[in-house]
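Okay, protein07.csv is below, CSV, C-alpha atoms:
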chain,number,residue,atom,x,y,z
W,426,MET,CA,2.5,16.7,-21.2
W,427,THR,CA,3.1,18.5,-17.9
W,428,LEU,CA,4.8,16.1,-15.5
W,429,ARG,CA,3.7,17.8,-12.3
W,430,LEU,CA,4.0,14.7,-10.1
W,431,THR,CA,7.4,13.8,-11.5
W,432,ASN,CA,8.7,17.3,-11.1
W,433,HIS,CA,7.3,17.5,-7.6
W,434,TYR,CA,8.9,14.1,-6.7
W,435,GLN,CA,12.3,15.2,-8.1
W,436,SER,CA,12.1,18.5,-6.3
W,437,LEU,CA,11.6,16.7,-2.9
W,438,VAL,CA,14.5,14.5,-3.7
W,439,ARG,CA,16.7,17.5,-4.4
W,440,GLN,CA,15.6,19.0,-1.1
W,441,GLY,CA,16.5,15.9,0.8
W,442,ALA,CA,12.9,15.3,1.8
W,443,LEU,CA,12.7,12.0,-0.1
W,444,GLN,CA,15.2,9.3,-1.0
W,445,PRO,CA,15.2,8.5,-4.7
W,446,ASP,CA,13.6,5.1,-5.2
W,447,GLU,CA,13.6,3.4,-8.6
W,448,ALA,CA,10.5,1.4,-7.8
W,449,GLN,CA,8.5,4.5,-6.8
W,450,MET,CA,9.7,6.4,-9.8
W,451,ALA,CA,8.6,3.6,-12.1
W,452,MET,CA,5.0,4.2,-10.9
W,453,LEU,CA,5.0,7.9,-11.7
W,454,PRO,CA,4.1,7.6,-15.4
W,455,ALA,CA,1.0,5.6,-14.5
W,456,LEU,CA,-0.2,8.4,-12.2
W,457,GLU,CA,0.8,11.1,-14.8
W,458,ARG,CA,-1.3,9.3,-17.4
W,459,ILE,CA,-4.4,9.7,-15.2
W,460,ALA,CA,-3.6,13.3,-14.3
W,461,GLU,CA,-3.2,14.2,-18.0
W,462,ALA,CA,-6.5,12.6,-19.0
W,463,LEU,CA,-8.4,14.3,-16.2
W,464,SER,CA,-6.9,17.7,-17.1
W,465,VAL,CA,-9.0,17.7,-20.2
W,466,PRO,CA,-12.1,19.9,-19.5
W,467,VAL,CA,-15.4,18.0,-19.6
W,468,LYS,CA,-18.0,19.7,-21.8
W,469,ARG,CA,-21.4,18.3,-21.3
W,470,SER,CA,-24.4,18.9,-23.6
W,471,LEU,CA,-27.3,17.1,-25.2
W,472,PHE,CA,-25.2,16.4,-28.3
W,473,ARG,CA,-21.8,15.9,-26.8
W,474,LYS,CA,-20.8,12.8,-24.8
W,475,PRO,CA,-18.2,13.4,-22.1
W,476,PRO,CA,-14.8,11.8,-22.9
W,477,LYS,CA,-14.2,8.3,-21.7
W,478,PRO,CA,-12.5,8.4,-18.4
W,479,PRO,CA,-9.0,6.8,-18.1
W,480,LYS,CA,-8.4,3.6,-16.4
W,481,GLY,CA,-7.7,4.0,-12.7
W,482,LEU,CA,-4.7,2.5,-10.8
W,483,TYR,CA,-4.6,-0.3,-8.2
W,484,LEU,CA,-1.2,0.0,-6.5
W,485,TRP,CA,-0.3,-2.9,-4.3
W,486,GLY,CA,2.8,-3.9,-2.4
W,487,GLY,CA,4.4,-4.5,1.0
W,488,VAL,CA,4.2,-2.3,4.1
W,489,GLY,CA,6.4,0.7,4.0
W,490,SER,CA,7.1,0.7,0.3
W,491,GLY,CA,5.8,4.2,-0.2
W,492,LYS,CA,2.3,3.5,-1.7
W,493,SER,CA,0.4,6.0,0.5
W,494,MET,CA,3.2,8.6,0.1
W,495,LEU,CA,3.0,8.4,-3.7
W,496,MET,CA,-0.8,8.8,-3.6
W,497,ASP,CA,-0.5,11.8,-1.3
W,498,LEU,CA,2.0,13.5,-3.6
W,499,PHE,CA,-0.3,12.7,-6.6
W,500,VAL,CA,-3.4,14.2,-5.0
W,501,ASP,CA,-1.4,17.2,-3.9
W,502,THR,CA,-0.6,18.0,-7.5
W,503,LEU,CA,-4.2,17.8,-8.7
W,504,THR,CA,-5.0,21.4,-7.8
W,505,ASP,CA,-7.4,21.9,-10.7
W,506,ILE,CA,-9.2,18.5,-10.5
W,507,PRO,CA,-12.0,17.7,-8.1
W,508,VAL,CA,-10.5,14.9,-6.0
W,509,ARG,CA,-11.1,13.2,-2.7
W,510,ARG,CA,-8.5,11.2,-0.8
W,511,VAL,CA,-9.9,8.9,1.9
W,512,HIS,CA,-9.1,5.7,3.8
W,513,PHE,CA,-11.0,2.8,2.5
W,514,HIS,CA,-12.5,1.8,5.9
W,515,ALA,CA,-13.6,5.3,6.6
W,516,PHE,CA,-15.2,5.5,3.2
W,517,MET,CA,-17.1,2.3,3.6
W,518,GLN,CA,-18.4,3.4,7.0
W,519,GLU,CA,-19.7,6.6,5.3
W,520,MET,CA,-21.4,4.6,2.6
W,521,HIS,CA,-23.1,2.3,5.2
W,522,GLY,CA,-24.4,5.5,6.9
W,523,GLY,CA,-25.7,6.9,3.6
W,524,MET,CA,-27.4,3.6,2.7
W,525,HIS,CA,-29.1,3.4,6.1
W,526,ALA,CA,-30.4,6.9,5.6
W,527,ALA,CA,-31.7,6.0,2.2
W,528,ARG,CA,-33.5,2.9,3.6
W,529,GLN,CA,-35.2,5.1,6.2
W,530,LYS,CA,-36.6,7.2,3.3
W,531,GLY,CA,-38.0,4.1,1.7
W,532,ILE,CA,-35.6,4.2,-1.3
W,533,GLU,CA,-35.3,0.8,-2.9
W,534,ASP,CA,-31.9,1.0,-4.5
W,535,VAL,CA,-29.8,2.4,-1.7
W,536,ILE,CA,-26.5,2.2,-3.7
W,537,ALA,CA,-27.6,4.8,-6.2
W,538,PRO,CA,-28.0,7.8,-3.9
W,539,VAL,CA,-24.7,7.2,-2.0
W,540,ALA,CA,-22.8,6.7,-5.2
W,541,ALA,CA,-24.3,9.9,-6.6
W,542,SER,CA,-23.4,11.8,-3.4
W,543,VAL,CA,-19.7,11.0,-4.3
W,544,SER,CA,-19.7,11.2,-8.1
W,545,ASP,CA,-21.6,14.5,-8.2
W,546,HIS,CA,-18.6,16.3,-6.6
W,547,ILE,CA,-15.4,14.6,-7.7
W,548,ARG,CA,-13.7,13.2,-10.8
W,549,LEU,CA,-11.1,11.2,-8.9
W,550,LEU,CA,-11.4,9.1,-5.8
W,551,ALA,CA,-8.1,8.1,-4.0
W,552,PHE,CA,-8.5,5.2,-1.7
W,553,ASP,CA,-5.8,4.2,0.8
W,554,GLU,CA,-5.5,0.7,2.2
W,555,VAL,CA,-8.1,-1.3,0.3
W,556,GLN,CA,-8.8,-4.3,2.4
W,557,ILE,CA,-12.1,-6.3,2.6
W,558,THR,CA,-12.6,-8.2,5.9
W,559,ASP,CA,-16.3,-7.7,6.5
W,560,ILE,CA,-19.0,-9.6,4.6
W,561,THR,CA,-21.3,-6.6,4.5
W,562,ASP,CA,-18.6,-4.6,2.7
W,563,ALA,CA,-17.8,-7.5,0.4
W,564,MET,CA,-21.5,-7.8,-0.7
W,565,ILE,CA,-21.9,-4.1,-1.6
W,566,VAL,CA,-18.4,-2.9,-2.8
W,567,GLY,CA,-18.8,-4.3,-6.3
W,568,ARG,CA,-22.1,-2.5,-7.0
W,569,LEU,CA,-20.7,0.7,-5.4
W,570,PHE,CA,-17.6,0.7,-7.6
W,571,GLU,CA,-19.6,-0.2,-10.7
W,572,ALA,CA,-21.9,2.8,-10.0
W,573,LEU,CA,-18.9,5.1,-9.5
W,574,PHE,CA,-17.2,3.9,-12.7
W,575,LYS,CA,-20.5,4.3,-14.6
W,576,ALA,CA,-20.6,7.9,-13.4
W,577,GLY,CA,-17.1,8.6,-14.8
W,578,VAL,CA,-15.2,8.6,-11.5
W,579,VAL,CA,-11.6,7.5,-11.8
W,580,ILE,CA,-10.3,5.4,-8.8
W,581,VAL,CA,-6.7,5.2,-7.6
W,582,ALA,CA,-6.2,2.8,-4.7
W,583,THR,CA,-3.4,1.4,-2.6
W,584,SER,CA,-3.5,-2.0,-0.9
W,585,ASN,CA,-1.2,-4.6,0.7
W,586,ARG,CA,-2.9,-7.3,-1.3
W,587,VAL,CA,-3.0,-8.2,-5.0
W,588,PRO,CA,-6.7,-8.1,-6.1
W,589,ASP,CA,-7.0,-11.9,-6.3
W,590,ASP,CA,-6.2,-12.1,-2.5
W,591,LEU,CA,-8.9,-9.6,-1.5
W,592,TYR,CA,-11.4,-11.1,0.9
W,593,LYS,CA,-9.5,-14.3,0.7
W,594,ASP,CA,-11.2,-17.3,2.5
W,595,GLY,CA,-14.2,-14.9,3.2
W,596,LEU,CA,-17.7,-16.1,3.7
W,597,ASN,CA,-19.6,-16.5,0.3
W,598,ARG,CA,-16.4,-15.3,-1.5
W,599,GLN,CA,-17.8,-16.5,-4.8
W,600,LEU,CA,-20.2,-13.6,-4.7
W,601,PHE,CA,-17.2,-11.3,-4.4
W,602,LEU,CA,-15.3,-12.5,-7.4
W,603,PRO,CA,-17.0,-10.2,-9.9
W,604,PHE,CA,-15.6,-7.2,-8.0
W,605,ILE,CA,-12.0,-8.6,-8.5
W,606,ASP,CA,-12.8,-8.9,-12.3
W,607,LEU,CA,-14.1,-5.3,-12.2
W,608,ILE,CA,-10.9,-4.0,-10.7
W,609,LYS,CA,-8.8,-5.7,-13.3
W,610,ALA,CA,-11.0,-4.4,-16.1
W,611,ARG,CA,-11.3,-0.8,-14.9
W,612,MET,CA,-7.9,-0.2,-13.1
W,613,ASP,CA,-4.3,-0.7,-14.1
W,614,VAL,CA,-3.0,-3.2,-11.5
W,615,ARG,CA,0.6,-2.5,-10.6
W,616,GLU,CA,2.9,-3.9,-7.9
W,617,LEU,CA,5.3,-1.6,-6.1
W,618,ILE,CA,8.4,-3.6,-5.2
W,619,SER,CA,10.7,-1.4,-3.2
W,620,PRO,CA,13.8,-2.9,-1.5
W,621,THR,CA,13.4,-0.4,1.3
W,622,ASP,CA,10.8,-0.4,4.1
W,623,TYR,CA,10.6,3.3,4.7
W,624,ARG,CA,8.3,3.1,7.6
W,625,GLN,CA,10.5,0.5,9.3
W,626,ASN,CA,13.6,2.7,8.6
W,627,ARG,CA,11.8,5.7,10.3
W,628,LEU,CA,11.2,3.6,13.3
W,629,GLN,CA,14.7,2.0,13.3
W,630,GLY,CA,16.4,2.9,16.5
W,631,THR,CA,13.4,4.8,17.8
W,632,PRO,CA,12.2,3.8,21.3
W,633,VAL,CA,8.8,2.2,21.2
W,634,TYR,CA,8.0,1.3,24.8
W,635,PHE,CA,8.0,4.3,27.1
W,636,THR,CA,7.8,3.8,30.9
W,637,PRO,CA,6.8,5.1,33.4
W,638,ILE,CA,3.9,7.3,32.3
W,639,SER,CA,5.0,10.9,32.8
W,640,PRO,CA,5.0,14.2,31.1
W,641,GLY,CA,8.4,13.3,29.6
W,642,THR,CA,7.3,10.0,28.1
W,643,ARG,CA,4.0,11.4,26.9
W,644,SER,CA,6.0,14.1,25.1
W,645,ARG,CA,8.2,11.5,23.5
W,646,VAL,CA,5.2,9.5,22.3
W,647,ARG,CA,3.8,12.7,20.8
W,648,ALA,CA,7.1,13.2,19.0
W,649,VAL,CA,6.9,9.7,17.5
W,650,TRP,CA,3.3,10.2,16.4
W,651,HIS,CA,4.3,13.6,14.8
W,652,ASP,CA,7.2,12.0,12.9
W,653,LEU,CA,5.0,9.1,11.6
W,654,ALA,CA,1.8,11.0,10.9
W,655,GLY,CA,2.9,14.6,10.7
W,656,GLY,CA,0.9,15.2,13.9
W,657,LYS,CA,-2.3,15.0,11.8
W,658,GLY,CA,-5.0,12.5,11.9
W,659,ALA,CA,-8.7,12.1,11.7
W,660,PRO,CA,-11.0,9.6,13.5
W,661,LEU,CA,-11.4,6.2,11.8
W,662,THR,CA,-14.5,4.2,12.5
W,663,LEU,CA,-14.6,0.5,11.7
W,664,ARG,CA,-17.9,-1.3,11.5
W,665,VAL,CA,-17.6,-4.7,13.0
W,666,LYS,CA,-20.6,-7.0,13.4
W,667,GLY,CA,-23.0,-4.1,13.9
W,668,ARG,CA,-20.9,-2.1,16.3
W,669,ASP,CA,-18.5,0.8,15.8
W,670,VAL,CA,-14.9,0.6,16.8
W,671,THR,CA,-13.4,4.1,16.7
W,672,LEU,CA,-9.7,5.1,16.6
W,673,PRO,CA,-9.5,8.7,17.7
W,674,ALA,CA,-6.6,9.6,15.2
W,675,PHE,CA,-5.5,7.8,12.0
W,676,ARG,CA,-3.4,8.7,9.0
W,677,ASN,CA,-1.6,6.6,6.4
W,678,GLY,CA,-2.0,3.4,8.3
W,679,VAL,CA,-0.8,4.9,11.6
W,680,ALA,CA,-3.4,5.0,14.4
W,681,ARG,CA,-3.3,6.6,17.9
W,682,ALA,CA,-5.5,5.8,20.9
W,683,THR,CA,-5.4,5.4,24.6
W,684,PHE,CA,-5.7,2.2,26.6
W,685,TYR,CA,-9.1,3.3,27.7
W,686,ASP,CA,-10.2,3.9,24.1
W,687,LEU,CA,-9.5,0.3,23.2
W,688,CYS,CA,-9.6,-1.7,26.4
W,689,GLY,CA,-12.0,0.3,28.6
W,690,ARG,CA,-14.9,-0.4,26.2
W,691,MET,CA,-16.7,-3.7,25.7
W,692,LEU,CA,-14.8,-4.8,22.7
W,693,GLY,CA,-14.0,-8.4,21.7
W,694,PRO,CA,-11.8,-10.5,19.4
W,695,ALA,CA,-13.5,-9.6,16.2
W,696,ASP,CA,-13.1,-5.9,17.0
W,697,TYR,CA,-9.4,-6.2,17.6
W,698,LEU,CA,-8.9,-8.4,14.5
W,699,ALA,CA,-10.6,-5.7,12.4
W,700,LEU,CA,-8.4,-3.0,14.0
W,701,ALA,CA,-5.2,-5.1,13.4
W,702,GLY,CA,-6.2,-5.5,9.8
W,703,ALA,CA,-6.8,-1.8,9.3
W,704,VAL,CA,-3.6,-0.3,10.8
W,705,LYS,CA,0.1,-0.9,10.3
W,706,VAL,CA,1.3,1.1,13.3
W,707,LEU,CA,-0.6,1.6,16.6
W,708,VAL,CA,0.4,4.3,19.1
W,709,LEU,CA,-1.2,3.2,22.3
W,710,GLU,CA,-0.9,5.5,25.3
W,711,ASP,CA,-1.3,5.2,29.1
W,712,ILE,CA,-1.4,1.5,29.7
W,713,PRO,CA,-2.0,1.3,33.5
W,714,LEU,CA,-0.9,-1.3,36.1
W,715,LEU,CA,-3.2,-4.3,35.7
W,716,SER,CA,-4.8,-6.3,38.5
W,717,ARG,CA,-8.1,-7.8,39.8
W,718,SER,CA,-9.4,-4.3,40.0
W,719,ASN,CA,-9.4,-3.9,36.3
W,720,PHE,CA,-9.5,-7.5,35.3
W,721,ASN,CA,-11.9,-7.1,32.3
W,722,GLU,CA,-9.7,-4.3,30.9
W,723,ALA,CA,-6.7,-6.6,31.3
W,724,LYS,CA,-8.4,-9.4,29.5
W,725,ARG,CA,-9.2,-7.1,26.6
W,726,PHE,CA,-5.6,-5.9,26.5
W,727,VAL,CA,-4.3,-9.5,26.2
W,728,ILE,CA,-6.7,-10.1,23.3
W,729,LEU,CA,-5.6,-6.8,21.7
W,730,ILE,CA,-1.9,-7.7,21.9
W,731,ASP,CA,-2.5,-11.1,20.5
W,732,ALA,CA,-4.3,-9.6,17.5
W,733,LEU,CA,-1.5,-7.0,16.9
W,734,TYR,CA,1.1,-9.7,17.3
W,735,GLU,CA,-0.4,-12.1,14.8
W,736,ALA,CA,-0.9,-9.2,12.3
W,737,ARG,CA,2.7,-8.0,13.0
W,738,VAL,CA,1.4,-4.5,13.7
W,739,ARG,CA,4.1,-2.2,15.0
W,740,LEU,CA,3.2,-1.1,18.5
W,741,ILE,CA,4.4,2.1,20.1
W,742,CYS,CA,3.2,2.6,23.7
W,743,SER,CA,3.5,4.3,27.0
W,744,ALA,CA,2.9,2.1,30.1
W,745,ALA,CA,3.1,2.3,33.9
W,746,ALA,CA,5.8,-0.4,34.1
W,747,LYS,CA,7.9,-2.7,32.0
W,748,PRO,CA,5.9,-5.6,30.4
W,749,GLU,CA,6.8,-8.1,33.2
W,750,MET,CA,5.7,-5.8,35.9
W,751,LEU,CA,2.4,-4.6,34.4
W,752,TYR,CA,0.4,-7.5,35.9
W,753,VAL,CA,1.8,-8.8,39.1
W,754,GLU,CA,-1.1,-9.6,41.4
W,755,GLY,CA,-4.6,-11.1,41.0
W,756,GLU,CA,-6.2,-13.7,38.8
W,757,GLY,CA,-4.6,-13.8,35.3
W,758,THR,CA,-1.0,-13.1,36.3
W,759,PHE,CA,0.1,-16.5,35.0
W,760,GLU,CA,-1.7,-16.1,31.6
W,761,PHE,CA,-0.3,-12.6,31.3
W,762,ALA,CA,3.3,-13.9,31.1
W,763,ARG,CA,2.7,-14.8,27.5
W,764,THR,CA,1.5,-11.3,26.8
W,765,ALA,CA,4.6,-9.8,28.5
W,766,SER,CA,6.7,-12.1,26.3
W,767,ARG,CA,5.0,-11.0,23.2
W,768,LEU,CA,5.4,-7.3,24.1
W,769,ARG,CA,9.1,-8.0,24.6
W,770,GLU,CA,9.3,-9.7,21.2
W,771,MET,CA,7.5,-6.8,19.5
W,772,MET,CA,10.2,-4.5,21.1
W,773,GLY,CA,13.1,-6.8,19.9
W,774,ALA,CA,15.5,-6.7,17.1
W,775,GLN,CA,13.2,-8.6,14.7
W,776,TRP,CA,10.7,-5.8,15.1
W,777,GLY,CA,13.4,-3.2,14.8
W,778,LYS,CA,12.7,-1.5,18.1
W,779,VAL,CA,14.2,-0.9,21.5
W,780,GLU,CA,13.0,0.1,24.9
W,781,ILE,CA,13.5,3.3,26.8
W,782,THR,CA,13.0,3.9,30.5
W,783,GLU,CA,13.0,7.2,32.3
Output the structure of this file as structure tokens.
Amino acid sequence: MTLRLTNHYQSLVRQGALQPDEAQMAMLPALERIAEALSVPVKRSLFRKPPKPPKGLYLWGGVGSGKSMLMDLFVDTLTDIPVRRVHFHAFMQEMHGGMHAARQKGIEDVIAPVAASVSDHIRLLAFDEVQITDITDAMIVGRLFEALFKAGVVIVATSNRVPDDLYKDGLNRQLFLPFIDLIKARMDVRELISPTDYRQNRLQGTPVYFTPISPGTRSRVRAVWHDLAGGKGAPLTLRVKGRDVTLPAFRNGVARATFYDLCGRMLGPADYLALAGAVKVLVLEDIPLLSRSNFNEAKRFVILIDALYEARVRLICSAAAKPEMLYVEGEGTFEFARTASRLREMMGAQWGKVEITE
């Protein structure tokens, strides 16, 4: 058995690029098992059945434990296996688009063609951040996974939630329960319990509130984004109650957007709740001074901060002034005091962050 992932992990440890983590290393055999099974060539003919695919892996655990990193390392070692790595929300948005196109063509079973568009090209599908918050996703995801499994696709997924907590308290959840049973039957469910929050450690001591807005602060925000996301990222579109909420850049739970992207558009509480549920760190740039001249944008900003605060999303931002000085005149200044207080708390010790002022 060629332990490509284990060797790769150990090599990165020797180089100092990774800290050795017993909880992470305990997950390597489960991933090696999948790689070994998929490395067997599939010979198809009228008289030969393809080998039974191995069980997938559902890896869940707390924020910053290294789930996404492990999956990325795993995918990187599968150089000879057709694989796709995608964020769960982005994948579901793609599936909704494919189903809509199938309906336009008069196709009755719209799940079949979208599942085939995936299974025809890959043997392994790597999902990051499985989380079900939308009833539309909840109603189709079981049939979609069932079709992928039937086609022989192996699924590896990460999540912050144990399967039994997916779509918890959701509308018509009883219709979703068979999907949870499907996960348990077709995937090895493992919890990653790491004593270290690596994402928190990377942010520890790092400034998170940059003011005023200037070339210098913008450069520092870019540096934080580069450190957390490698400077890479692809747009992530969330489908919320029939509308699209797009984050211009997203990678491994870290998103980047401007104030205008999120508060300059007609978004509402449901949109911000979906956003807060999809990301773990938000890099928000160019928060302007707020007043009666941009009152609607200010209201949306208040709702956004509330959603981020309740979900304990880590916020990194550049702003025209300190929190208490962002909104000093016009209707809404009194209400904004709570938002300023929350911004301060999100910058405080319990969030592991400090402020920097140029």
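Considering the residues W:Leu503, W:Leu653, W:Val727, W:Ala746 and counting all atoms listed in the file, Val706 of chain W has its shortest atom-to-atom contact with W:Leu653.
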Quick one: of W:Ala701, W:Leu550, W:Tyr734, W:Gly658, who's nearest to Phe513 of chain W, counting all atoms listed in the file? W:Leu550
Name the closest residue to Ser490 of chain W among the candidates W:Pro445, W:Pro620, W:Pro660, W:Pro694; distances are taken between atoms, counting all atoms listed in the file. W:Pro620
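The interatomic distance for the pair atom CA of Phe601 of chain W and atom CA of Val555 of chain W works out to 14.3 Å.
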Protein, DNA and RNA residues within 10 Å of (-8.8, 8.0, -9.4), all atoms listed in the file, as a list of chain:residue names: W:Leu456, W:Ile459, W:Ala460, W:Leu463, W:Pro478, W:Pro479, W:Lys480, W:Gly481, W:Leu482, W:Tyr483, W:Met496, W:Val500, W:Val508, W:Arg509, W:Arg510, W:Ile547, W:Arg548, W:Leu549, W:Leu550, W:Ala551, W:Phe552, W:Phe574, W:Gly577, W:Val578, W:Val579, W:Ile580, W:Val581, W:Ala582, W:Met612
Top pick for closest residue to Gly523 of chain W, considering W:Val465, W:Ala659, W:Ala674, W:Ala540 and counting all atoms listed in the file: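 Using all atoms listed in the file, Gly523 of chain W sits closest to W:Ala540.
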